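Trainee: One file: data-v4.cif (mmCIF, C-alpha atoms, pLDDT in the B column; chains and numbers go by the auth columns).
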data_coords
#
loop_
_atom_site.group_PDB
_atom_site.id
_atom_site.type_symbol
_atom_site.label_atom_id
_atom_site.label_comp_id
_atom_site.label_asym_id
_atom_site.label_seq_id
_atom_site.Cartn_x
_atom_site.Cartn_y
_atom_site.Cartn_z
_atom_site.B_iso_or_equiv
_atom_site.auth_seq_id
_atom_site.auth_asym_id
ATOM 1 C CA MET A 1 -21.776 13.551 -19.108 39.00 1 C
ATOM 2 C CA ASP A 2 -18.351 15.145 -18.813 51.00 2 C
ATOM 3 C CA ALA A 3 -16.003 14.621 -21.690 72.00 3 C
ATOM 4 C CA LEU A 4 -12.768 12.990 -20.551 75.00 4 C
ATOM 5 C CA ALA A 5 -10.640 12.521 -23.664 77.00 5 C
ATOM 6 C CA GLY A 6 -7.315 14.276 -23.183 86.00 6 C
ATOM 7 C CA ASN A 7 -7.515 14.189 -19.416 91.00 7 C
ATOM 8 C CA LYS A 8 -5.038 12.565 -17.045 95.00 8 C
ATOM 9 C CA VAL A 9 -5.728 11.041 -13.638 95.00 9 C
ATOM 10 C CA PHE A 10 -2.958 10.354 -11.129 96.00 10 C
ATOM 11 C CA LEU A 11 -3.283 8.068 -8.127 96.00 11 C
ATOM 12 C CA ARG A 12 -0.667 7.544 -5.442 95.00 12 C
ATOM 13 C CA ILE A 13 -1.256 4.762 -2.923 94.00 13 C
ATOM 14 C CA PRO A 14 0.742 3.293 -0.059 92.00 14 C
ATOM 15 C CA SER A 15 2.399 0.025 -0.984 91.00 15 C
ATOM 16 C CA LYS A 16 -0.162 -2.055 0.912 91.00 16 C
ATOM 17 C CA PRO A 17 -2.620 -4.708 -0.346 93.00 17 C
ATOM 18 C CA GLU A 18 -5.616 -2.975 1.249 93.00 18 C
ATOM 19 C CA TYR A 19 -5.280 -0.046 -1.174 95.00 19 C
ATOM 20 C CA VAL A 20 -5.458 -2.082 -4.395 96.00 20 C
ATOM 21 C CA GLY A 21 -9.250 -2.271 -4.118 96.00 21 C
ATOM 22 C CA ILE A 22 -9.385 1.510 -4.125 96.00 22 C
ATOM 23 C CA VAL A 23 -7.413 1.631 -7.379 97.00 23 C
ATOM 24 C CA ARG A 24 -9.852 -0.907 -8.852 97.00 24 C
ATOM 25 C CA LEU A 25 -12.783 1.294 -7.897 96.00 25 C
ATOM 26 C CA ALA A 26 -11.161 4.369 -9.424 96.00 26 C
ATOM 27 C CA ILE A 27 -10.312 2.552 -12.677 96.00 27 C
ATOM 28 C CA SER A 28 -13.835 1.161 -12.834 96.00 28 C
ATOM 29 C CA GLY A 29 -15.255 4.662 -12.445 94.00 29 C
ATOM 30 C CA ILE A 30 -13.065 6.098 -15.193 93.00 30 C
ATOM 31 C CA ALA A 31 -13.791 3.187 -17.557 93.00 31 C
ATOM 32 C CA ASN A 32 -17.525 3.558 -16.949 91.00 32 C
ATOM 33 C CA ARG A 33 -17.388 7.240 -17.779 88.00 33 C
ATOM 34 C CA LEU A 34 -15.500 6.400 -20.951 88.00 34 C
ATOM 35 C CA ARG A 35 -18.266 3.950 -21.868 88.00 35 C
ATOM 36 C CA PHE A 36 -16.031 0.906 -21.926 93.00 36 C
ATOM 37 C CA SER A 37 -18.132 -2.247 -22.042 93.00 37 C
ATOM 38 C CA TYR A 38 -18.696 -4.171 -18.805 94.00 38 C
ATOM 39 C CA GLU A 39 -16.289 -6.886 -19.941 94.00 39 C
ATOM 40 C CA ASP A 40 -13.543 -4.436 -20.914 95.00 40 C
ATOM 41 C CA THR A 41 -14.003 -2.568 -17.634 96.00 41 C
ATOM 42 C CA GLU A 42 -13.565 -5.826 -15.709 96.00 42 C
ATOM 43 C CA ASP A 43 -10.463 -6.617 -17.798 96.00 43 C
ATOM 44 C CA LEU A 44 -9.023 -3.180 -17.025 97.00 44 C
ATOM 45 C CA LYS A 45 -9.704 -3.539 -13.298 97.00 45 C
ATOM 46 C CA LEU A 46 -7.986 -6.909 -13.171 98.00 46 C
ATOM 47 C CA ALA A 47 -4.978 -5.863 -15.259 98.00 47 C
ATOM 48 C CA VAL A 48 -4.362 -2.699 -13.238 98.00 48 C
ATOM 49 C CA ALA A 49 -4.814 -4.553 -9.951 97.00 49 C
ATOM 50 C CA GLU A 50 -2.317 -7.200 -11.084 96.00 50 C
ATOM 51 C CA ALA A 51 0.153 -4.460 -11.957 96.00 51 C
ATOM 52 C CA CYS A 52 -0.384 -2.941 -8.499 95.00 52 C
ATOM 53 C CA ASN A 53 0.120 -6.367 -6.868 93.00 53 C
ATOM 54 C CA SER A 54 3.374 -6.713 -8.743 91.00 54 C
ATOM 55 C CA ALA A 55 4.457 -3.178 -7.817 91.00 55 C
ATOM 56 C CA ILE A 56 3.629 -3.775 -4.136 89.00 56 C
ATOM 57 C CA HIS A 57 5.736 -6.913 -4.188 84.00 57 C
ATOM 58 C CA HIS A 58 8.521 -5.034 -5.892 82.00 58 C
ATOM 59 C CA ALA A 59 8.247 -1.954 -3.652 76.00 59 C
ATOM 60 C CA LYS A 60 8.423 -4.282 -0.660 71.00 60 C
ATOM 61 C CA TYR A 61 5.684 -2.515 1.247 65.00 61 C
ATOM 62 C CA ILE A 62 7.621 0.692 1.881 73.00 62 C
ATOM 63 C CA ASP A 63 7.479 2.634 -1.368 77.00 63 C
ATOM 64 C CA ASP A 64 4.358 4.371 -2.697 89.00 64 C
ATOM 65 C CA ILE A 65 2.767 3.057 -5.890 93.00 65 C
ATOM 66 C CA LEU A 66 1.954 5.514 -8.650 95.00 66 C
ATOM 67 C CA VAL A 67 -0.903 4.841 -11.072 97.00 67 C
ATOM 68 C CA ASP A 68 -1.229 7.242 -14.001 97.00 68 C
ATOM 69 C CA CYS A 69 -4.251 7.084 -16.324 96.00 69 C
ATOM 70 C CA GLU A 70 -4.143 8.905 -19.625 96.00 70 C
ATOM 71 C CA VAL A 71 -7.403 9.103 -21.508 93.00 71 C
ATOM 72 C CA LYS A 72 -7.177 9.317 -25.291 90.00 72 C
ATOM 73 C CA ALA A 73 -9.961 9.526 -27.836 84.00 73 C
ATOM 74 C CA ASP A 74 -9.914 5.807 -28.542 86.00 74 C
ATOM 75 C CA MET A 75 -7.947 4.250 -25.701 92.00 75 C
ATOM 76 C CA ILE A 76 -6.855 4.464 -22.087 95.00 76 C
ATOM 77 C CA ILE A 77 -3.166 4.246 -21.172 97.00 77 C
ATOM 78 C CA ILE A 78 -2.340 3.220 -17.612 98.00 78 C
ATOM 79 C CA THR A 79 1.114 3.260 -16.089 98.00 79 C
ATOM 80 C CA VAL A 80 1.893 1.613 -12.747 96.00 80 C
ATOM 81 C CA LYS A 81 5.276 2.182 -11.133 93.00 81 C
ATOM 82 C CA ASP A 82 7.236 2.448 -7.914 87.00 82 C
ATOM 83 C CA SER A 83 10.485 4.308 -7.295 73.00 83 C
ATOM 84 C CA GLY A 84 12.549 1.232 -6.423 70.00 84 C
ATOM 85 C CA LYS A 85 13.373 2.220 -2.882 68.00 85 C
ATOM 86 C CA GLY A 86 12.422 -1.118 -1.316 54.00 86 C
ATOM 87 C CA THR A 87 15.141 -3.092 0.428 47.00 87 C
ATOM 88 C CA ASP A 88 15.714 -6.829 0.593 49.00 88 C
ATOM 89 C CA LYS A 89 16.168 -6.559 4.337 42.00 89 C
ATOM 90 C CA TYR A 90 12.670 -5.176 4.733 41.00 90 C
ATOM 91 C CA LYS A 91 11.302 -7.757 2.314 46.00 91 C
ATOM 92 C CA GLU A 92 12.594 -10.598 4.490 44.00 92 C
ATOM 93 C CA LYS A 93 10.854 -9.190 7.547 41.00 93 C
ATOM 94 C CA VAL A 94 7.509 -8.132 6.146 42.00 94 C
ATOM 95 C CA LEU A 95 6.494 -9.948 2.981 43.00 95 C
ATOM 96 C CA PRO A 96 4.301 -13.040 3.231 47.00 96 C
ATOM 97 C CA GLU A 97 5.495 -16.323 1.776 49.00 97 C
ATOM 98 C CA SER A 98 6.713 -16.301 -1.798 46.00 98 C
ATOM 99 C CA SER A 99 4.185 -15.301 -4.381 63.00 99 C
ATOM 100 C CA GLU A 100 6.460 -15.543 -7.401 66.00 100 C
ATOM 101 C CA ASN A 101 4.056 -17.821 -9.264 75.00 101 C
ATOM 102 C CA ASP A 102 1.159 -15.463 -8.542 77.00 102 C
ATOM 103 C CA GLU A 103 3.245 -12.636 -9.998 77.00 103 C
ATOM 104 C CA LYS A 104 3.990 -14.621 -13.158 86.00 104 C
ATOM 105 C CA MET A 105 0.300 -15.407 -13.525 92.00 105 C
ATOM 106 C CA GLY A 106 -0.507 -11.761 -12.871 93.00 106 C
ATOM 107 C CA LEU A 107 1.768 -10.608 -15.672 92.00 107 C
ATOM 108 C CA PHE A 108 0.311 -13.244 -17.962 94.00 108 C
ATOM 109 C CA LEU A 109 -3.189 -11.927 -17.194 96.00 109 C
ATOM 110 C CA ILE A 110 -2.126 -8.340 -17.885 96.00 110 C
ATOM 111 C CA GLU A 111 -0.627 -9.309 -21.245 96.00 111 C
ATOM 112 C CA THR A 112 -3.698 -11.331 -22.175 96.00 112 C
ATOM 113 C CA LEU A 113 -6.330 -8.803 -21.151 97.00 113 C
ATOM 114 C CA MET A 114 -4.731 -5.590 -22.431 97.00 114 C
ATOM 115 C CA ASP A 115 -4.059 -4.560 -26.029 97.00 115 C
ATOM 116 C CA SER A 116 -0.402 -3.764 -25.438 97.00 116 C
ATOM 117 C CA VAL A 117 1.911 -3.959 -22.431 97.00 117 C
ATOM 118 C CA GLU A 118 5.379 -2.625 -21.695 96.00 118 C
ATOM 119 C CA HIS A 119 7.076 -4.067 -18.611 91.00 119 C
ATOM 120 C CA ARG A 120 10.530 -3.299 -17.301 91.00 120 C
ATOM 121 C CA ILE A 121 12.738 -2.512 -14.333 87.00 121 C
ATOM 122 C CA GLU A 122 13.952 1.069 -14.548 85.00 122 C
ATOM 123 C CA PRO A 123 17.681 1.930 -14.136 83.00 123 C
ATOM 124 C CA HIS A 124 16.943 3.288 -10.633 78.00 124 C
ATOM 125 C CA GLY A 125 15.379 -0.059 -9.701 80.00 125 C
ATOM 126 C CA GLY A 126 11.693 0.854 -9.947 84.00 126 C
ATOM 127 C CA LEU A 127 9.119 -1.340 -11.636 89.00 127 C
ATOM 128 C CA PHE A 128 7.379 0.134 -14.683 93.00 128 C
ATOM 129 C CA ILE A 129 4.287 -1.363 -16.310 96.00 129 C
ATOM 130 C CA ARG A 130 2.487 0.525 -19.080 97.00 130 C
ATOM 131 C CA MET A 131 -0.774 -0.871 -20.406 97.00 131 C
ATOM 132 C CA VAL A 132 -3.028 0.197 -23.238 97.00 132 C
ATOM 133 C CA LYS A 133 -6.668 -0.763 -23.609 96.00 133 C
ATOM 134 C CA LYS A 134 -8.434 0.375 -26.757 94.00 134 C
ATOM 135 C CA LEU A 135 -12.117 1.085 -27.014 88.00 135 C
ATOM 136 C CA THR A 136 -13.745 -1.623 -29.065 81.00 136 C
ATOM 137 C CA LYS A 137 -16.084 -0.799 -31.937 61.00 137 C
ATOM 138 C CA GLY A 138 -19.314 0.770 -30.766 58.00 138 C
ATOM 139 C CA GLU A 139 -17.721 2.359 -27.702 58.00 139 C
ATOM 140 C CA THR A 140 -16.899 6.057 -27.889 53.00 140 C
ATOM 141 C CA ILE A 141 -15.244 8.623 -25.714 50.00 141 C
ATOM 142 C CA GLU A 142 -16.998 11.981 -25.712 48.00 142 C
ATOM 143 C CA ARG A 143 -14.601 14.622 -26.911 44.00 143 C
ATOM 144 C CA GLN A 144 -14.238 17.699 -24.771 43.00 144 C
ATOM 145 C CA SER A 145 -15.296 20.435 -27.189 41.00 145 C
ATOM 146 C CA SER A 146 -14.255 23.231 -24.832 40.00 146 C
ATOM 147 C CA HIS A 147 -10.780 21.783 -24.288 42.00 147 C
ATOM 148 C CA PRO A 148 -8.090 23.863 -26.058 39.00 148 C
ATOM 149 C CA MET B 1 -14.737 -5.084 -0.356 60.00 149 J
ATOM 150 C CA ASP B 2 -15.296 -7.451 2.541 81.00 150 J
ATOM 151 C CA ILE B 3 -14.842 -11.160 2.093 92.00 151 J
ATOM 152 C CA LYS B 4 -16.971 -13.818 3.742 95.00 152 J
ATOM 153 C CA VAL B 5 -15.992 -17.465 3.928 96.00 153 J
ATOM 154 C CA ALA B 6 -18.296 -20.147 5.329 96.00 154 J
ATOM 155 C CA THR B 7 -17.743 -23.900 5.442 94.00 155 J
ATOM 156 C CA LYS B 8 -20.115 -26.839 5.948 93.00 156 J
ATOM 157 C CA PRO B 9 -20.107 -30.616 5.432 93.00 157 J
ATOM 158 C CA ILE B 10 -22.206 -32.026 2.582 91.00 158 J
ATOM 159 C CA LYS B 11 -23.737 -35.490 3.047 82.00 159 J
ATOM 160 C CA ASP B 12 -20.488 -36.970 4.432 81.00 160 J
ATOM 161 C CA LYS B 13 -19.139 -36.743 0.886 82.00 161 J
ATOM 162 C CA ALA B 14 -17.386 -33.425 0.861 93.00 162 J
ATOM 163 C CA HIS B 15 -16.975 -30.076 2.521 95.00 163 J
ATOM 164 C CA ALA B 16 -18.373 -26.940 0.974 95.00 164 J
ATOM 165 C CA VAL B 17 -16.547 -23.640 1.116 97.00 165 J
ATOM 166 C CA GLU B 18 -18.786 -20.711 0.260 97.00 166 J
ATOM 167 C CA VAL B 19 -16.953 -17.512 -0.593 98.00 167 J
ATOM 168 C CA GLN B 20 -18.631 -14.144 -0.995 97.00 168 J
ATOM 169 C CA GLY B 21 -16.986 -10.900 -2.028 97.00 169 J
ATOM 170 C CA GLU B 22 -13.794 -10.070 -3.880 96.00 170 J
ATOM 171 C CA ILE B 23 -10.787 -12.376 -3.678 97.00 171 J
ATOM 172 C CA ASP B 24 -7.740 -10.180 -4.098 95.00 172 J
ATOM 173 C CA VAL B 25 -4.274 -9.623 -2.682 94.00 173 J
ATOM 174 C CA TYR B 26 -5.816 -8.245 0.532 94.00 174 J
ATOM 175 C CA SER B 27 -8.573 -10.778 1.137 96.00 175 J
ATOM 176 C CA SER B 28 -7.035 -13.989 -0.224 96.00 176 J
ATOM 177 C CA PRO B 29 -5.172 -14.829 3.030 95.00 177 J
ATOM 178 C CA LYS B 30 -8.560 -15.174 4.756 96.00 178 J
ATOM 179 C CA VAL B 31 -9.782 -17.602 2.072 97.00 179 J
ATOM 180 C CA LYS B 32 -6.513 -19.510 2.273 97.00 180 J
ATOM 181 C CA GLU B 33 -6.789 -19.800 6.051 96.00 181 J
ATOM 182 C CA ALA B 34 -10.341 -21.192 5.895 96.00 182 J
ATOM 183 C CA ILE B 35 -9.450 -23.757 3.221 97.00 183 J
ATOM 184 C CA ASN B 36 -6.213 -24.795 4.921 97.00 184 J
ATOM 185 C CA GLU B 37 -8.061 -25.294 8.196 96.00 185 J
ATOM 186 C CA LEU B 38 -10.393 -27.764 6.485 96.00 186 J
ATOM 187 C CA ILE B 39 -7.516 -29.619 4.844 97.00 187 J
ATOM 188 C CA GLU B 40 -5.561 -29.812 8.099 97.00 188 J
ATOM 189 C CA LYS B 41 -8.608 -31.443 9.713 95.00 189 J
ATOM 190 C CA GLY B 42 -8.485 -34.186 7.094 95.00 190 J
ATOM 191 C CA ASN B 43 -11.094 -32.920 4.636 96.00 191 J
ATOM 192 C CA TYR B 44 -9.653 -33.629 1.215 96.00 192 J
ATOM 193 C CA THR B 45 -12.758 -33.392 -0.967 96.00 193 J
ATOM 194 C CA LEU B 46 -13.794 -29.782 -1.245 97.00 194 J
ATOM 195 C CA ILE B 47 -16.472 -27.966 -3.200 97.00 195 J
ATOM 196 C CA ILE B 48 -15.671 -24.281 -3.362 97.00 196 J
ATOM 197 C CA ASN B 49 -18.680 -22.161 -4.225 97.00 197 J
ATOM 198 C CA LEU B 50 -17.648 -18.995 -6.049 98.00 198 J
ATOM 199 C CA GLU B 51 -21.184 -17.883 -6.932 97.00 199 J
ATOM 200 C CA GLY B 52 -20.930 -14.968 -4.539 97.00 200 J
ATOM 201 C CA VAL B 53 -17.507 -13.931 -5.825 97.00 201 J
ATOM 202 C CA ARG B 54 -17.515 -10.801 -7.966 95.00 202 J
ATOM 203 C CA TYR B 55 -13.778 -10.621 -8.584 97.00 203 J
ATOM 204 C CA ILE B 56 -10.714 -12.846 -8.359 97.00 204 J
ATOM 205 C CA ASP B 57 -7.074 -12.048 -9.117 96.00 205 J
ATOM 206 C CA SER B 58 -3.882 -14.083 -9.391 95.00 206 J
ATOM 207 C CA THR B 59 -3.451 -14.279 -5.616 95.00 207 J
ATOM 208 C CA GLY B 60 -6.934 -15.808 -5.355 96.00 208 J
ATOM 209 C CA LEU B 61 -6.105 -18.267 -8.118 96.00 209 J
ATOM 210 C CA GLY B 62 -2.874 -19.031 -6.269 95.00 210 J
ATOM 211 C CA VAL B 63 -4.839 -19.933 -3.144 96.00 211 J
ATOM 212 C CA LEU B 64 -7.003 -22.367 -5.122 97.00 212 J
ATOM 213 C CA ILE B 65 -3.995 -23.932 -6.852 96.00 213 J
ATOM 214 C CA GLY B 66 -2.168 -24.296 -3.526 96.00 214 J
ATOM 215 C CA ALA B 67 -5.194 -25.991 -1.964 97.00 215 J
ATOM 216 C CA LEU B 68 -5.541 -28.337 -4.933 96.00 216 J
ATOM 217 C CA LYS B 69 -1.909 -29.410 -4.576 96.00 217 J
ATOM 218 C CA LYS B 70 -2.484 -30.183 -0.896 97.00 218 J
ATOM 219 C CA VAL B 71 -5.641 -32.271 -1.328 97.00 219 J
ATOM 220 C CA ARG B 72 -4.147 -34.167 -4.259 96.00 220 J
ATOM 221 C CA GLU B 73 -1.364 -35.365 -1.944 97.00 221 J
ATOM 222 C CA HIS B 74 -4.186 -37.228 -0.169 96.00 222 J
ATOM 223 C CA ASN B 75 -5.963 -38.294 -3.369 95.00 223 J
ATOM 224 C CA GLY B 76 -8.523 -35.584 -2.790 95.00 224 J
ATOM 225 C CA SER B 77 -10.143 -33.136 -5.172 95.00 225 J
ATOM 226 C CA ILE B 78 -11.470 -29.618 -5.434 96.00 226 J
ATOM 227 C CA SER B 79 -14.544 -28.750 -7.477 96.00 227 J
ATOM 228 C CA LEU B 80 -15.596 -25.207 -8.151 97.00 228 J
ATOM 229 C CA ILE B 81 -19.107 -23.834 -8.513 97.00 229 J
ATOM 230 C CA CYS B 82 -19.029 -20.842 -10.799 97.00 230 J
ATOM 231 C CA THR B 83 -21.381 -19.392 -13.387 96.00 231 J
ATOM 232 C CA ASN B 84 -20.097 -15.796 -13.472 96.00 232 J
ATOM 233 C CA PRO B 85 -18.825 -15.338 -17.073 96.00 233 J
ATOM 234 C CA GLN B 86 -16.068 -12.920 -16.041 95.00 234 J
ATOM 235 C CA ILE B 87 -14.699 -15.278 -13.386 97.00 235 J
ATOM 236 C CA LYS B 88 -14.964 -18.253 -15.749 96.00 236 J
ATOM 237 C CA LYS B 89 -13.076 -16.233 -18.355 96.00 237 J
ATOM 238 C CA ILE B 90 -10.134 -15.921 -15.935 97.00 238 J
ATOM 239 C CA PHE B 91 -10.125 -19.692 -15.392 97.00 239 J
ATOM 240 C CA ASN B 92 -10.243 -20.203 -19.145 96.00 240 J
ATOM 241 C CA ILE B 93 -7.413 -17.881 -20.115 95.00 241 J
ATOM 242 C CA THR B 94 -5.134 -19.197 -17.358 95.00 242 J
ATOM 243 C CA GLY B 95 -5.887 -22.787 -18.353 94.00 243 J
ATOM 244 C CA LEU B 96 -7.114 -23.584 -14.841 95.00 244 J
ATOM 245 C CA VAL B 97 -10.387 -24.781 -16.290 94.00 245 J
ATOM 246 C CA LYS B 98 -8.455 -27.921 -17.228 93.00 246 J
ATOM 247 C CA ILE B 99 -7.326 -28.734 -13.701 94.00 247 J
ATOM 248 C CA PHE B 100 -10.432 -27.785 -11.709 94.00 248 J
ATOM 249 C CA GLY B 101 -13.861 -29.272 -12.277 92.00 249 J
ATOM 250 C CA ILE B 102 -16.134 -26.254 -12.713 96.00 250 J
ATOM 251 C CA TYR B 103 -19.853 -26.832 -12.194 97.00 251 J
ATOM 252 C CA LYS B 104 -23.068 -24.840 -12.253 96.00 252 J
ATOM 253 C CA ASN B 105 -24.321 -25.845 -8.827 95.00 253 J
ATOM 254 C CA GLU B 106 -23.667 -28.036 -5.798 91.00 254 J
ATOM 255 C CA GLU B 107 -25.848 -30.879 -7.084 91.00 255 J
ATOM 256 C CA GLU B 108 -23.885 -31.109 -10.320 93.00 256 J
ATOM 257 C CA SER B 109 -20.569 -31.062 -8.480 92.00 257 J
ATOM 258 C CA LEU B 110 -21.744 -33.810 -6.096 90.00 258 J
ATOM 259 C CA LYS B 111 -22.766 -35.972 -9.059 88.00 259 J
ATOM 260 C CA SER B 112 -19.217 -35.731 -10.349 86.00 260 J
ATOM 261 C CA LEU B 113 -17.980 -37.225 -7.079 81.00 261 J
ATOM 262 C CA ALA B 114 -20.283 -40.219 -7.296 69.00 262 J
#
Could you express the structure from this file as structure tokens?

Mentor:
Amino acid sequence: MDALAGNKVFLRIPSKPEYVGIVRLAISGIANRLRFSYEDTEDLKLAVAEACNSAIHHAKYIDDILVDCEVKADMIIITVKDSGKGTDKYKEKVLPESSENDEKMGLFLIETLMDSVEHRIEPHGGLFIRMVKKLTKGETIERQSSHP
Amino acid sequence: MDIKVATKPIKDKAHAVEVQGEIDVYSSPKVKEAINELIEKGNYTLIINLEGVRYIDSTGLGVLIGALKKVREHNGSISLICTNPQIKKIFNITGLVKIFGIYKNEEESLKSLA
């Protein structure tokens, strides 16, 4: 199996609900390779998807969503963000009925399922969510011996 | 990542909604539409079978909560059939386990209506 510790994976998706499933699949693949347990992998998938849902709502369907995964020896750090280019005018035309409560529940799920969460609106207006999930005891990430 | 939603009456007591697939921000409108159609036709006692559901997010939970609010306006109820530990965990940590009856199978959920 490839060693992944120290590696970074970057995903960029259109701000559309149909792409969130693809992010889930990618996160699941990375977590499996890192030997996260089934339960922790499911937690990661849900937390990252909730962050993407929130970013899509914030990006108002016009701004790309960026998902950065940073693999450490004992944890995975995932950042989800948009660049804050969405406009209220577009939001009124395109977004489905209010999902504010879903968003609150989504953030609650992220905070409950992940080990630490940082959540803010950047000065340029973009949403920023950074999540950390640590490997629990018994799980290990293979170190890349050939990596400098 | 397809979602399938099927509905059927059960012994004149309730309507079953069987969902298969992943309920997420993309697929939840389809689930919402199927449930709302039943409610609009006057079916206020629903048993939603989540046994075929592998994943649910906050938008899926929002659909269930919205449906529960609607049927309760008509003194109705929504029971859930769910044995998947990961899905049940989501209901537990959000506290929704306290507002939905969650059962192992259709028979058990029907008994609760008796």

Trainee: Enumerate, as a list in words, the residues matched when the PyMOL selection byres ((chain J and resi 175) around 10) is run on the file above.

Mentor: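 For this structure, the PyMOL selection byres ((chain J and resi 175) around 10) resolves to Pro17 and Glu18 of chain C; Met149, Asp150, Ile151, Lys152, Gly169, Glu170, Ile171, Asp172, Val173, Tyr174, Ser176, Pro177, Lys178, Val179, Lys180, Ile204, Thr207 and Gly208 of chain J.
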
Trainee: Each residue of chain C with at least one atom at most 9 Å from chain J should appear once, together with its nearest atom pair and the corresponding distance in Å (one decimal); atoms considered: all atoms listed in the file; ordering: chain, then increasing residue number; output as a Markdown table.

Mentor:
| residue | atom | partner | partner_atom | distance |
| --- | --- | --- | --- | --- |
| C:Lys16 | CA | J:Tyr174 | CA | 8.4 |
| C:Pro17 | CA | J:Tyr174 | CA | 4.8 |
| C:Glu18 | CA | J:Tyr174 | CA | 5.3 |
| C:Tyr19 | CA | J:Tyr174 | CA | 8.4 |
| C:Val20 | CA | J:Val173 | CA | 7.8 |
| C:Gly21 | CA | J:Met149 | CA | 7.2 |
| C:Glu39 | CA | J:Gln234 | CA | 7.2 |
| C:Glu42 | CA | J:Gln234 | CA | 7.5 |
| C:Asp43 | CA | J:Gln234 | CA | 8.6 |
| C:Leu46 | CA | J:Asp205 | CA | 6.6 |
| C:Ala47 | CA | J:Asp205 | CA | 9.0 |
| C:Ala49 | CA | J:Asp205 | CA | 7.9 |
| C:Glu50 | CA | J:Asp205 | CA | 7.1 |
| C:Asn53 | CA | J:Val173 | CA | 6.9 |
| C:Ser99 | CA | J:Thr207 | CA | 7.8 |
| C:Asn101 | CA | J:Gly210 | CA | 7.6 |
| C:Asp102 | CA | J:Ser206 | CA | 5.3 |
| C:Glu103 | CA | J:Ser206 | CA | 7.3 |
| C:Lys104 | CA | J:Ser206 | CA | 8.7 |
| C:Met105 | CA | J:Ser206 | CA | 6.0 |
| C:Gly106 | CA | J:Ser206 | CA | 5.4 |
| C:Phe108 | CA | J:Thr242 | CA | 8.1 |
| C:Leu109 | CA | J:Thr242 | CA | 7.5 |
| C:Thr112 | CA | J:Ile241 | CA | 7.8 |

Trainee: Pull the neighbourhood of (-15.6, -25.3, 2.7) for me: all residues within 7 Å in file coordinates, counting all atoms listed in the file, as a PyMOL selection string.

Mentor: chain J and resi 154-156+163-166+183+186+194-196

Trainee: From the set J:Leu198, J:Ala162, J:Val153, J:Lys246, which residue has the shortest atom-to-atom contact distance to Ser225 (chain J), counting all atoms listed in the file?

Mentor: J:Ala162

Trainee: Mind listing as a list in words all residues within 9 Å of (-7.0, -35.7, 1.8), counting only C-alpha atoms?

Mentor: Ile187, Glu188, Gly190, Asn191, Tyr192, Thr193, Lys218, Val219, Arg220, Glu221, His222, Asn223, Gly224 and Ser225 of chain J

Trainee: Quick one: pull the distance between CA of Ile78 (chain C) and CA of Val48 (chain C), Å, one decimal.

Mentor: 7.6 Å

Trainee: Apply the PyMOL selection byres ((chain J and resi 260) around 12) to the displayed file and report the matching residues as a PyMOL selection string.

Mentor: chain J and resi 161-162+193+195+225-228+248-259+261-262

Trainee: Just C-alpha atoms for this one: save the residues we selected as a PDB file, in the coordinates of the input.

Mentor:
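Produced file part28.pdb, reproduced below:
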ATOM      1  CA  LYS J 161     -19.139 -36.743   0.886  1.00 82.00           C
ATOM      2  CA  ALA J 162     -17.386 -33.425   0.861  1.00 93.00           C
ATOM      3  CA  THR J 193     -12.758 -33.392  -0.967  1.00 96.00           C
ATOM      4  CA  ILE J 195     -16.472 -27.966  -3.200  1.00 97.00           C
ATOM      5  CA  SER J 225     -10.143 -33.136  -5.172  1.00 95.00           C
ATOM      6  CA  ILE J 226     -11.470 -29.618  -5.434  1.00 96.00           C
ATOM      7  CA  SER J 227     -14.544 -28.750  -7.477  1.00 96.00           C
ATOM      8  CA  LEU J 228     -15.596 -25.207  -8.151  1.00 97.00           C
ATOM      9  CA  PHE J 248     -10.432 -27.785 -11.709  1.00 94.00           C
ATOM     10  CA  GLY J 249     -13.861 -29.272 -12.277  1.00 92.00           C
ATOM     11  CA  ILE J 250     -16.134 -26.254 -12.713  1.00 96.00           C
ATOM     12  CA  TYR J 251     -19.853 -26.832 -12.194  1.00 97.00           C
ATOM     13  CA  LYS J 252     -23.068 -24.840 -12.253  1.00 96.00           C
ATOM     14  CA  ASN J 253     -24.321 -25.845  -8.827  1.00 95.00           C
ATOM     15  CA  GLU J 254     -23.667 -28.036  -5.798  1.00 91.00           C
ATOM     16  CA  GLU J 255     -25.848 -30.879  -7.084  1.00 91.00           C
ATOM     17  CA  GLU J 256     -23.885 -31.109 -10.320  1.00 93.00           C
ATOM     18  CA  SER J 257     -20.569 -31.062  -8.480  1.00 92.00           C
ATOM     19  CA  LEU J 258     -21.744 -33.810  -6.096  1.00 90.00           C
ATOM     20  CA  LYS J 259     -22.766 -35.972  -9.059  1.00 88.00           C
ATOM     21  CA  LEU J 261     -17.980 -37.225  -7.079  1.00 81.00           C
ATOM     22  CA  ALA J 262     -20.283 -40.219  -7.296  1.00 69.00           C
TER      23      ALA J 262
END

Trainee: What's the separation between CA of Ile110 (chain C) and CA of Asn197 (chain J), in Å to one decimal place?

Mentor: 25.5 Å

Trainee: So that I can check the surroundings of Cys69 (chain C), please list as JSON, numbers by chain every protein, DNA and RNA residue that reaches within 7 Å of it, counting all atoms listed in the file and ignoring chain neighbours fewer than 4 positions away.

Mentor: {"C": [8, 9, 10, 76, 77, 78, 79]}

Trainee: For the structure shown, which residues end up in the PyMOL selection byres ((chain C and resi 14) around 9)? Put them as a short mmCIF file (atom, residue, chain, number, x, y, z; two decimals) with C-alpha atoms, in the coordinates of the input, please?

Mentor:
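So the final result, stored in selection02.cif, reads:
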data_model
loop_
_atom_site.label_atom_id
_atom_site.label_comp_id
_atom_site.auth_asym_id
_atom_site.auth_seq_id
_atom_site.Cartn_x
_atom_site.Cartn_y
_atom_site.Cartn_z
CA ARG C 12 -0.67 7.54 -5.44
CA ILE C 13 -1.26 4.76 -2.92
CA SER C 15 2.40 0.02 -0.98
CA LYS C 16 -0.16 -2.06 0.91
CA PRO C 17 -2.62 -4.71 -0.35
CA TYR C 19 -5.28 -0.05 -1.17
CA ILE C 56 3.63 -3.78 -4.14
CA TYR C 61 5.68 -2.52 1.25
CA ILE C 62 7.62 0.69 1.88
CA ASP C 63 7.48 2.63 -1.37
CA ASP C 64 4.36 4.37 -2.70
CA ILE C 65 2.77 3.06 -5.89
CA LEU C 66 1.95 5.51 -8.65
#
